[in-house]
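K.L.:
My questions will all concern the structure given below.
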Amino acid sequence: PDGSEEKKKARLTARGFLQRFGLDYHKTSSPVSTKTVVKMILANAKRRGRKTILVDFCAAFLYPQLKEQIYLQLPELFGSDSGKIVKLLKTLYGLKQASHEWYNALVKVLKEFGFKQAPEDVDQCLFIHEKYDIELCSHVDDCIISYNDIKGVNKLLEVLSERGFEYTESERVTKALGLQITEDETSITLSQPSYVEIMLKDYDLQDIPEKKAPPNMWLDKRQSDEKKVDQEQYRSMIGCLGYLAQMTRPDIEQYTYHLATFVSDPGEMHLEKL
């Protein structure tokens with residue numbers, strides 16, 4: 001979330017854009033946890049005095065077994081094997097079905113361990129283990145786990161290791177879904193400083209002075225003598241602020257949507273308040 005570089009990666013990927021539906025791939029969809037569920041788990045853990053950890057799976061898309069027959073031509077840098085045709089046994093980054101198969105593989109392990117999956121109309125990435133009192137939500141290759149007793153979590157991690165899953169474990173959840181998470185003895189705070197900095201840089205607004213948010217002034221339509229501003233940029237800024245409001249800044253949500261009513265004909269006053 002702070003925008004700093006953690007590590008460098010080099011990865012062999014498949015040219016999934018050459019795949020043909022019904023021949024070498026079928027389903028591609030895979031659900032991800034909603035921001036509401038993530039907030040619920042974190043808030044519930046703080047309120048009930050539970051502990052949380054973050055499990056990050058390493059190269060998650062390389063674990064699932066591949067159902068379709070897919071062949072790959074090895075690129076350069078493979079020495080004498082460059083150009084050879086190989087058959088893939090497991091999914092690979094770049095394949096259209098990679099995320100779908102990874103989700104299914106993770107769900108299978110969790111259910112075999114005893115987790116119950118939440119109904120589809122709640123969140124397909126929320127899992128509850130009643131015996132060990134564990135709440136888990138998955139978001140692609142990250143899992144936020146809330147628990148009371150570490151013994152159940154340790155057993156889960158042992159099972160994952162036995163199945164060949166490699167992962168890193170963080171004792172405190174400090175980031176998730178692009179959120180920066182800080183907490184003290186009584187409260188938990190979610191913020192997006194990195195997202196805000198990028199947004200300000202994109203619109204060249206780094207040097208603007210801080211103002212009270214949200215303004216207490218409700219606006220009308222653009223006046224005939226008022227200069228019209230770039231509609232595309234205005235619409236884009238509304239989208240960025242709308243996302244920020246939904247994730248971590250509910251205090252600006254109402255005013256952001258008030259300004260959104262002028263996207264078809266924005267004026268200088270609307271842009272200034274934005």
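Chain labels A, B, ... are given in the sequence in which chains occur in the structure tokens; within each chain residues are numbered consecutively from 1, and ligands are likewise numbered from 1 in the order shown.
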If you run DSSP over the backbone, which residues in range 72-143 of chain A end up strand (DSSP E or B)? Put them as a PyMOL selection string.

P.N.:
chain A and resi 72-73+85-87+90+116-117+126-129+134-139+142-143

K.L.:
Output as a PyMOL selection string all residues of range 2-196 of chain A that backbone DSSP marks as helix (DSSP H, G or I).

P.N.:
chain A and resi 16-18+35-48+60-62+79-81+98-113+150-162+193-196

K.L.:
For range 148-159 of chain A, please output as a count of residues only all residues within 9 Å (counting only C-alpha atoms; exclusion window: fewer than 5 positions along the same chain).

P.N.:
13

K.L.:
To one decimal place, how far is CA of Leu72 in chain A from CA of Ser99 in chain A in Å?

P.N.:
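Computing it gives 18.4 Å between the two atoms.
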
K.L.:
For Val229 in chain A, which residue out of A:Ile198, A:Thr13, A:Leu271, A:Ser264 is the nearest one, using only C-alpha atoms?

P.N.:
A:Leu271

K.L.:
When distances are computed from only C-alpha atoms, which of A:Val173, A:Asp81, A:Ala43, A:Thr189 shows the smallest separation from Thr248 in chain A?

P.N.:
A:Thr189

K.L.:
If I take CA of Leu106 in chain A and CA of Lys175 in chain A, how far is one from the other in Å, to one decimal?

P.N.:
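Atom-to-atom, CA of Leu106 in chain A to CA of Lys175 in chain A, that is 21.2 Å.
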
K.L.:
Give me the residues within 12 Å of His26 in chain A as a list in words, counting only C-alpha atoms and dropping any in the same chain fewer than 6 places off.

P.N.:
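In the requested form, the answer reads Gln19, Arg20, Leu66, Lys67, Glu68, Leu95, Lys96, Gln97, Ala98, His100 and Glu101 of chain A.
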